[in-house]
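A.B. asks: The structure that follows is given in the form of structure tokens.
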Amino acid sequence: MTQEHRAAHGTRKPSPADVAGILSGRIHEGQLRDGERMPTQEALAEEFGIDRRAVRQALDLLRKAGLLTAAVRGAPARIALPRPPGPDGTEPQQTDAGLGPRLLAAFRERDVRLDAICLTAESLNLALAEPLRLMRTGRLAPRTVRVRLLLPSRDLELAFPRPAGDSVDESRVHEHWLSLRNSHGRVLGAGLRALRTTRGIDVEVTLRALPFTPPVKLYLLNGSAALFAYYTVTRREEQIGDSTAEIFDALGSDSVLFPFERGGGTRDDSFVTQSQAWFDGLWGTLAMDISLGS
């Protein structure tokens with residue numbers, strides 16, 4: 001397990017999203033260069049202390065984010081530069097492809113405001129990798145950063161993820177989700193708050209818990225854009241502990257984001273306004289203090 005991962009996540013095994021986030025950082029920092037071959041699955045599995053199935057999932061996240069070419073027989077996957085969104089930026093895109101460029105544009109503003117509601121913040125951490133890198137190196141320098149994040153409560157009986165059969169107890173599925181929720185919440189907060197001391201940016205990160213499982217994910221950027229996606233529940237296999245279990249779950253990275261912008265017409269303006277009002281209402285009424293303890 002790398003020192004890079006151990007510093008961010010302690011001693012637990014990294015998830016595919018963790019690995020994808022670390023590799024994304026290496027790509028953006030030039031340690032893995034455009035056109036070069038990605039290290040083999042065997043080498044990555046040994047480096048991160050995970051099995052090849054988890055490595056393949058991490059590489060799939062990088063492909064969806066436009067950072068890796070598809071591997072074909074006789075031609076291994078290669079590093080690819082990020083692909084920008086369409087000409088007008090209004091096309092729906094999968095979260096891993098569409099969220100990163102949107103966040104990067106939002107963090108170019110002088111005062112940054114990000115509100116989000118999601119299940120674990122895995123996709124958000126991956127998308128924040130490039131803005132964080134540019135802020136650490138001084139190439140992005142917002143004056144203030146205000147982040148509010150709504151996540152499901154730890155004591156909630158979740159609608160999903162949950163077991164799809166008898167292969168695993170519901171308590172183990174819940175603990176697996178809770179571990180992801182807590183670790184990604186801590187990483188997000190630590191990465192942003194560190195900018196206060198390293199770059200002098202006025203940063204405030206606040207997390208609160210919801211008493212229900214959110215059926216959708218929502219990102220609100222600087223009060224001027226809303227990115228909305230449905231969580232589509234499917235039956236899939238997940239590595240939980242030392243075994244593989246079938247669960248009902250939704251992969252946030254695969255969720256299609258629908259963008260709405262102020263100035264894009266009456267429909268877009270109304271959607272952004274109502275989405276912000278919906279978030280603010282939850283934040284000020286049902287949301288509770290959150291614990292991200294180990």
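Every chain in the structure tokens has a letter given in the order shown (A, B, ...), and although residue numbers restart at 1 in each chain, ligands are simply numbered from 1 in the order shown.
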Any chance you could list, as a VMD selection string, the residues in region 101-233 of chain A that come up helix (DSSP H, G or I) when DSSP is run on the backbone?
C.D. replies: chain A and resid 101 to 106 122 to 136 170 to 198
A.B. asks: Using only C-alpha atoms, which protein or nucleic acid residues come within 7 Å of Val112 (chain A)? Drop anything in the same chain fewer than 5 positions from it, and give the result as a list in words.
C.D. replies: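 So the residues in contact are Ala106, Phe107, Pro142, Thr144, Val145, Arg146 and Asn222 of chain A.
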A.B. asks: When you look at Leu282 (chain A) with a cut-off of 12 Å (counting only C-alpha atoms), what residues show up, excluding the ones that are within fewer than 6 positions of it in the same chain? I need them as a list in words.
C.D. replies: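 Skipping anything fewer than 6 positions along the chain leaves Asp115, Ala116, Ile117, Arg148, Leu149, Leu150, Leu151, Pro152, Arg208, Ala209, Leu210, Pro211, Phe212, Pro214, Ser275, Gln276 and Met288 of chain A.
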A.B. asks: In Å to one decimal, how far is CA of Pro39 (chain A) from CA of Leu134 (chain A)?
C.D. replies: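 Separating CA of Leu134 (chain A) from CA of Pro39 (chain A) is a distance of 24.7 Å.
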A.B. asks: How many Å lie between CA of Val168 (chain A) and CA of Glu238 (chain A), rounded to one decimal?
C.D. replies: 10.5 Å
A.B. asks: With only C-alpha atoms as the basis for distance, which of A:Ile290, A:Ala194, A:Ala226, A:Ala141 is at the shortest distance from Phe271 (chain A)?
C.D. replies: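 For Phe271 (chain A), the nearest of the given residues is A:Ala226.
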A.B. asks: For each of A:His28, A:Arg110, A:Arg33, A:Lys13, take the minimum atom-to-atom distance to Ala54 (chain A), counting only C-alpha atoms, then give the residue where this is smallest.
C.D. replies: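 Among the listed residues, the smallest separation from Ala54 (chain A) belongs to A:Lys13.
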A.B. asks: May I ask which of the residues A:Met135, A:Ala127, A:Leu156, A:Met38 is the closest one to Arg108 (chain A), counting only C-alpha atoms?
C.D. replies: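 Selected residue with least distance to Arg108 (chain A): A:Met135.
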A.B. asks: Enumerate, as an mmCIF file with N, CA, C and O atoms, in the first residue's frame, the complete set of residues in region 64-191 of chain A that a backbone-based DSSP assignment places in strand (DSSP E).
C.D. replies:
```cif
data_model
loop_
_atom_site.group_PDB
_atom_site.id
_atom_site.type_symbol
_atom_site.label_atom_id
_atom_site.label_comp_id
_atom_site.auth_asym_id
_atom_site.auth_seq_id
_atom_site.Cartn_x
_atom_site.Cartn_y
_atom_site.Cartn_z
ATOM 1 N N GLN A 93 -24.037 14.294 -19.383
ATOM 2 C CA GLN A 93 -22.838 13.461 -19.380
ATOM 3 C C GLN A 93 -22.818 12.615 -18.121
ATOM 4 O O GLN A 93 -23.382 12.996 -17.095
ATOM 5 N N GLN A 94 -22.119 11.470 -18.204
ATOM 6 C CA GLN A 94 -21.929 10.687 -16.994
ATOM 7 C C GLN A 94 -21.149 11.521 -15.980
ATOM 8 O O GLN A 94 -20.326 12.356 -16.341
ATOM 9 N N ASP A 111 -14.996 33.837 -5.586
ATOM 10 C CA ASP A 111 -15.666 33.272 -4.417
ATOM 11 C C ASP A 111 -16.413 32.023 -4.857
ATOM 12 O O ASP A 111 -17.339 32.099 -5.671
ATOM 13 N N VAL A 112 -16.013 30.885 -4.313
ATOM 14 C CA VAL A 112 -16.536 29.592 -4.744
ATOM 15 C C VAL A 112 -17.566 29.101 -3.727
ATOM 16 O O VAL A 112 -17.309 29.112 -2.507
ATOM 17 N N ARG A 113 -18.703 28.655 -4.234
ATOM 18 C CA ARG A 113 -19.737 28.071 -3.369
ATOM 19 C C ARG A 113 -20.205 26.769 -4.001
ATOM 20 O O ARG A 113 -20.686 26.750 -5.136
ATOM 21 N N LEU A 114 -20.062 25.680 -3.261
ATOM 22 C CA LEU A 114 -20.456 24.355 -3.741
ATOM 23 C C LEU A 114 -21.372 23.705 -2.716
ATOM 24 O O LEU A 114 -20.987 23.512 -1.564
ATOM 25 N N ASP A 115 -22.591 23.387 -3.120
ATOM 26 C CA ASP A 115 -23.529 22.630 -2.306
ATOM 27 C C ASP A 115 -23.774 21.303 -3.007
ATOM 28 O O ASP A 115 -23.950 21.269 -4.236
ATOM 29 N N ALA A 116 -23.814 20.206 -2.253
ATOM 30 C CA ALA A 116 -23.997 18.900 -2.878
ATOM 31 C C ALA A 116 -24.775 17.968 -1.966
ATOM 32 O O ALA A 116 -24.647 18.026 -0.737
ATOM 33 N N ILE A 117 -25.569 17.104 -2.592
ATOM 34 C CA ILE A 117 -26.250 16.033 -1.879
ATOM 35 C C ILE A 117 -25.949 14.740 -2.625
ATOM 36 O O ILE A 117 -26.111 14.655 -3.841
ATOM 37 N N THR A 144 -12.370 32.845 -1.438
ATOM 38 C CA THR A 144 -13.114 32.046 -0.467
ATOM 39 C C THR A 144 -13.637 30.780 -1.129
ATOM 40 O O THR A 144 -13.928 30.761 -2.326
ATOM 41 N N VAL A 145 -13.762 29.730 -0.332
ATOM 42 C CA VAL A 145 -14.369 28.470 -0.769
ATOM 43 C C VAL A 145 -15.343 28.036 0.322
ATOM 44 O O VAL A 145 -14.940 27.846 1.483
ATOM 45 N N ARG A 146 -16.608 27.916 -0.020
ATOM 46 C CA ARG A 146 -17.641 27.479 0.912
ATOM 47 C C ARG A 146 -18.285 26.209 0.371
ATOM 48 O O ARG A 146 -18.868 26.221 -0.715
ATOM 49 N N VAL A 147 -18.170 25.127 1.112
ATOM 50 C CA VAL A 147 -18.707 23.839 0.681
ATOM 51 C C VAL A 147 -19.682 23.321 1.735
ATOM 52 O O VAL A 147 -19.349 23.279 2.934
ATOM 53 N N ARG A 148 -20.880 22.930 1.297
ATOM 54 C CA ARG A 148 -21.861 22.282 2.167
ATOM 55 C C ARG A 148 -22.231 20.946 1.526
ATOM 56 O O ARG A 148 -22.574 20.892 0.345
ATOM 57 N N LEU A 149 -22.179 19.889 2.316
ATOM 58 C CA LEU A 149 -22.428 18.551 1.791
ATOM 59 C C LEU A 149 -23.455 17.834 2.649
ATOM 60 O O LEU A 149 -23.320 17.765 3.873
ATOM 61 N N LEU A 150 -24.503 17.314 2.015
ATOM 62 C CA LEU A 150 -25.533 16.527 2.683
ATOM 63 C C LEU A 150 -25.349 15.053 2.341
ATOM 64 O O LEU A 150 -25.308 14.681 1.165
ATOM 65 N N LEU A 151 -25.244 14.217 3.383
ATOM 66 C CA LEU A 151 -25.064 12.771 3.235
ATOM 67 C C LEU A 151 -26.086 12.047 4.107
ATOM 68 O O LEU A 151 -26.557 12.596 5.101
ATOM 69 N N PRO A 152 -26.430 10.800 3.781
ATOM 70 C CA PRO A 152 -27.379 10.069 4.632
ATOM 71 C C PRO A 152 -26.822 9.846 6.038
ATOM 72 O O PRO A 152 -25.614 9.667 6.228
ATOM 73 N N ARG A 162 -28.248 -2.280 -0.311
ATOM 74 C CA ARG A 162 -28.746 -3.310 0.590
ATOM 75 C C ARG A 162 -28.566 -4.663 -0.087
ATOM 76 O O ARG A 162 -28.407 -4.739 -1.303
ATOM 77 N N PRO A 163 -28.578 -5.771 0.684
ATOM 78 C CA PRO A 163 -28.352 -7.090 0.090
ATOM 79 C C PRO A 163 -29.418 -7.430 -0.948
ATOM 80 O O PRO A 163 -30.592 -7.089 -0.808
#
```
A.B. asks: Hey, which of A:Phe48, A:Trp283, A:Trp278, A:Tyr230 ends up closest to Leu251 (chain A)? Count only C-alpha atoms.
C.D. replies: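 Using only C-alpha atoms, Leu251 (chain A) sits closest to A:Tyr230.
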A.B. asks: How many Å lie between CA of Ala159 (chain A) and CA of Leu119 (chain A), rounded to one decimal?
C.D. replies: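 That distance, rounded to one decimal, is 11.2 Å.
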A.B. asks: Skip Phe258 (chain A) itself and residues of its chain fewer than 6 positions away, then list as a ChimeraX atom specification all residues within 8 Å of it, counting only C-alpha atoms.
C.D. replies: /A:90-93,227-229
A.B. asks: Neighbours of Lys64 (chain A) within 10 Å (only C-alpha atoms; same-chain residues fewer than 5 positions away dropped), as an mmCIF file with N, CA, C and O atoms, in the first residue's frame?
C.D. replies:
```cif
data_model
loop_
_atom_site.group_PDB
_atom_site.id
_atom_site.type_symbol
_atom_site.label_atom_id
_atom_site.label_comp_id
_atom_site.auth_asym_id
_atom_site.auth_seq_id
_atom_site.Cartn_x
_atom_site.Cartn_y
_atom_site.Cartn_z
ATOM 1 N N LEU A 59 -9.725 1.527 -13.123
ATOM 2 C CA LEU A 59 -9.356 1.911 -14.488
ATOM 3 C C LEU A 59 -10.592 2.284 -15.299
ATOM 4 O O LEU A 59 -10.540 3.194 -16.140
ATOM 5 N N THR A 69 -7.414 5.533 -22.331
ATOM 6 C CA THR A 69 -7.983 4.926 -23.532
ATOM 7 C C THR A 69 -8.469 3.523 -23.209
ATOM 8 O O THR A 69 -8.085 2.929 -22.195
ATOM 9 N N ALA A 70 -9.311 2.984 -24.062
ATOM 10 C CA ALA A 70 -9.789 1.618 -23.885
ATOM 11 C C ALA A 70 -8.679 0.643 -24.265
ATOM 12 O O ALA A 70 -7.948 0.859 -25.233
ATOM 13 N N GLN A 93 -24.037 14.294 -19.383
ATOM 14 C CA GLN A 93 -22.838 13.461 -19.380
ATOM 15 C C GLN A 93 -22.818 12.615 -18.121
ATOM 16 O O GLN A 93 -23.382 12.996 -17.095
ATOM 17 N N GLN A 94 -22.119 11.470 -18.204
ATOM 18 C CA GLN A 94 -21.929 10.687 -16.994
ATOM 19 C C GLN A 94 -21.149 11.521 -15.980
ATOM 20 O O GLN A 94 -20.326 12.356 -16.341
ATOM 21 N N THR A 95 -21.400 11.257 -14.721
ATOM 22 C CA THR A 95 -20.790 12.054 -13.658
ATOM 23 C C THR A 95 -19.275 12.125 -13.783
ATOM 24 O O THR A 95 -18.686 13.210 -13.653
ATOM 25 N N ASP A 96 -18.624 10.993 -14.035
ATOM 26 C CA ASP A 96 -17.161 10.996 -14.082
ATOM 27 C C ASP A 96 -16.608 11.806 -15.234
ATOM 28 O O ASP A 96 -15.472 12.272 -15.181
ATOM 29 N N ALA A 97 -17.391 11.994 -16.304
ATOM 30 C CA ALA A 97 -16.922 12.796 -17.428
ATOM 31 C C ALA A 97 -17.323 14.256 -17.283
ATOM 32 O O ALA A 97 -16.582 15.158 -17.687
ATOM 33 N N GLY A 98 -18.500 14.519 -16.719
ATOM 34 C CA GLY A 98 -19.030 15.874 -16.715
ATOM 35 C C GLY A 98 -18.765 16.702 -15.485
ATOM 36 O O GLY A 98 -18.716 17.936 -15.558
ATOM 37 N N SER A 253 -20.926 7.183 -10.125
ATOM 38 C CA SER A 253 -20.065 7.534 -11.250
ATOM 39 C C SER A 253 -20.752 7.325 -12.581
ATOM 40 O O SER A 253 -20.420 7.971 -13.578
ATOM 41 N N ASP A 254 -21.718 6.408 -12.637
ATOM 42 C CA ASP A 254 -22.444 6.126 -13.880
ATOM 43 C C ASP A 254 -23.678 6.998 -14.059
ATOM 44 O O ASP A 254 -24.306 6.982 -15.124
#
```
A.B. asks: Within 12 Å of Ala129 (chain A), counting only C-alpha atoms, which residues qualify if same-chain residues fewer than 3 places away don't, as JSON, numbers by chain?
C.D. replies: {"A": [17, 18, 20, 21, 22, 23, 24, 25, 26, 27, 28, 29, 65, 96, 99, 100, 101, 103, 104, 107, 122, 123, 124, 125, 126, 132, 133, 134, 135, 136, 187, 188, 191, 192]}
A.B. asks: Based on the selection just made, write N, CA and C atoms of those residues as an mmCIF file, in the first residue's frame.
C.D. replies:
```cif
data_model
loop_
_atom_site.group_PDB
_atom_site.id
_atom_site.type_symbol
_atom_site.label_atom_id
_atom_site.label_comp_id
_atom_site.auth_asym_id
_atom_site.auth_seq_id
_atom_site.Cartn_x
_atom_site.Cartn_y
_atom_site.Cartn_z
ATOM 1 N N ALA A 17 -12.598 3.910 -6.286
ATOM 2 C CA ALA A 17 -12.620 5.370 -6.433
ATOM 3 C C ALA A 17 -11.385 6.005 -5.808
ATOM 4 N N ASP A 18 -10.897 5.451 -4.665
ATOM 5 C CA ASP A 18 -9.663 5.952 -4.057
ATOM 6 C C ASP A 18 -8.496 5.826 -5.032
ATOM 7 N N ALA A 20 -8.592 5.401 -8.296
ATOM 8 C CA ALA A 20 -8.792 6.265 -9.453
ATOM 9 C C ALA A 20 -8.412 7.706 -9.122
ATOM 10 N N GLY A 21 -8.751 8.165 -7.914
ATOM 11 C CA GLY A 21 -8.404 9.526 -7.519
ATOM 12 C C GLY A 21 -6.901 9.747 -7.443
ATOM 13 N N ILE A 22 -6.180 8.764 -6.883
ATOM 14 C CA ILE A 22 -4.722 8.871 -6.789
ATOM 15 C C ILE A 22 -4.092 8.869 -8.179
ATOM 16 N N LEU A 23 -4.543 7.951 -9.040
ATOM 17 C CA LEU A 23 -3.997 7.878 -10.395
ATOM 18 C C LEU A 23 -4.349 9.129 -11.196
ATOM 19 N N SER A 24 -5.561 9.668 -10.972
ATOM 20 C CA SER A 24 -5.939 10.919 -11.639
ATOM 21 C C SER A 24 -4.986 12.044 -11.251
ATOM 22 N N GLY A 25 -4.640 12.107 -9.960
ATOM 23 C CA GLY A 25 -3.696 13.121 -9.520
ATOM 24 C C GLY A 25 -2.336 12.975 -10.185
ATOM 25 N N ARG A 26 -1.882 11.730 -10.335
ATOM 26 C CA ARG A 26 -0.589 11.490 -10.991
ATOM 27 C C ARG A 26 -0.623 11.911 -12.459
ATOM 28 N N ILE A 27 -1.777 11.682 -13.108
ATOM 29 C CA ILE A 27 -1.903 12.092 -14.507
ATOM 30 C C ILE A 27 -1.838 13.606 -14.617
ATOM 31 N N HIS A 28 -2.598 14.300 -13.786
ATOM 32 C CA HIS A 28 -2.635 15.757 -13.852
ATOM 33 C C HIS A 28 -1.302 16.380 -13.438
ATOM 34 N N GLU A 29 -0.557 15.702 -12.570
ATOM 35 C CA GLU A 29 0.735 16.223 -12.129
ATOM 36 C C GLU A 29 1.868 15.857 -13.075
ATOM 37 N N ALA A 65 -13.850 9.075 -17.095
ATOM 38 C CA ALA A 65 -13.453 10.466 -16.871
ATOM 39 C C ALA A 65 -12.632 11.023 -18.024
ATOM 40 N N ASP A 96 -18.624 10.993 -14.035
ATOM 41 C CA ASP A 96 -17.161 10.996 -14.082
ATOM 42 C C ASP A 96 -16.608 11.806 -15.234
ATOM 43 N N LEU A 99 -18.576 16.058 -14.322
ATOM 44 C CA LEU A 99 -18.458 16.822 -13.085
ATOM 45 C C LEU A 99 -17.120 17.539 -12.971
ATOM 46 N N GLY A 100 -16.034 16.886 -13.338
ATOM 47 C CA GLY A 100 -14.705 17.485 -13.200
ATOM 48 C C GLY A 100 -14.555 18.812 -13.918
ATOM 49 N N PRO A 101 -14.852 18.887 -15.230
ATOM 50 C CA PRO A 101 -14.731 20.176 -15.928
ATOM 51 C C PRO A 101 -15.626 21.264 -15.347
ATOM 52 N N LEU A 103 -16.604 21.540 -12.140
ATOM 53 C CA LEU A 103 -16.017 22.001 -10.887
ATOM 54 C C LEU A 103 -14.796 22.873 -11.147
ATOM 55 N N LEU A 104 -13.998 22.496 -12.124
ATOM 56 C CA LEU A 104 -12.812 23.288 -12.445
ATOM 57 C C LEU A 104 -13.208 24.705 -12.849
ATOM 58 N N PHE A 107 -14.315 26.681 -9.750
ATOM 59 C CA PHE A 107 -13.228 27.082 -8.862
ATOM 60 C C PHE A 107 -12.344 28.168 -9.460
ATOM 61 N N GLU A 122 -17.807 9.958 -3.212
ATOM 62 C CA GLU A 122 -16.721 9.361 -3.998
ATOM 63 C C GLU A 122 -16.492 10.142 -5.291
ATOM 64 N N SER A 123 -17.554 10.346 -6.056
ATOM 65 C CA SER A 123 -17.420 11.050 -7.337
ATOM 66 C C SER A 123 -16.941 12.484 -7.124
ATOM 67 N N LEU A 124 -17.400 13.112 -6.059
ATOM 68 C CA LEU A 124 -16.999 14.489 -5.784
ATOM 69 C C LEU A 124 -15.510 14.572 -5.493
ATOM 70 N N ASN A 125 -14.978 13.639 -4.726
ATOM 71 C CA ASN A 125 -13.539 13.642 -4.450
ATOM 72 C C ASN A 125 -12.722 13.473 -5.720
ATOM 73 N N LEU A 126 -13.148 12.566 -6.587
ATOM 74 C CA LEU A 126 -12.427 12.339 -7.835
ATOM 75 C C LEU A 126 -12.448 13.602 -8.690
ATOM 76 N N LEU A 132 -8.041 20.934 -6.762
ATOM 77 C CA LEU A 132 -7.163 20.933 -5.592
ATOM 78 C C LEU A 132 -5.699 21.030 -6.013
ATOM 79 N N ARG A 133 -5.325 20.297 -7.045
ATOM 80 C CA ARG A 133 -3.934 20.344 -7.505
ATOM 81 C C ARG A 133 -3.565 21.748 -7.952
ATOM 82 N N LEU A 134 -4.448 22.391 -8.710
ATOM 83 C CA LEU A 134 -4.154 23.731 -9.213
ATOM 84 C C LEU A 134 -4.134 24.761 -8.092
ATOM 85 N N MET A 135 -4.954 24.589 -7.066
ATOM 86 C CA MET A 135 -4.908 25.500 -5.932
ATOM 87 C C MET A 135 -3.638 25.293 -5.116
ATOM 88 N N ARG A 136 -3.237 24.039 -4.950
ATOM 89 C CA ARG A 136 -1.991 23.781 -4.200
ATOM 90 C C ARG A 136 -0.784 24.407 -4.876
ATOM 91 N N VAL A 187 -11.721 12.833 3.703
ATOM 92 C CA VAL A 187 -10.737 13.219 2.689
ATOM 93 C C VAL A 187 -11.123 14.548 2.041
ATOM 94 N N LEU A 188 -12.405 14.692 1.721
ATOM 95 C CA LEU A 188 -12.870 15.934 1.105
ATOM 96 C C LEU A 188 -12.611 17.123 2.021
ATOM 97 N N GLY A 191 -8.696 17.777 2.487
ATOM 98 C CA GLY A 191 -8.047 18.331 1.305
ATOM 99 C C GLY A 191 -8.345 19.804 1.101
ATOM 100 N N LEU A 192 -9.587 20.202 1.339
ATOM 101 C CA LEU A 192 -9.957 21.600 1.161
ATOM 102 C C LEU A 192 -9.463 22.475 2.310
#
```
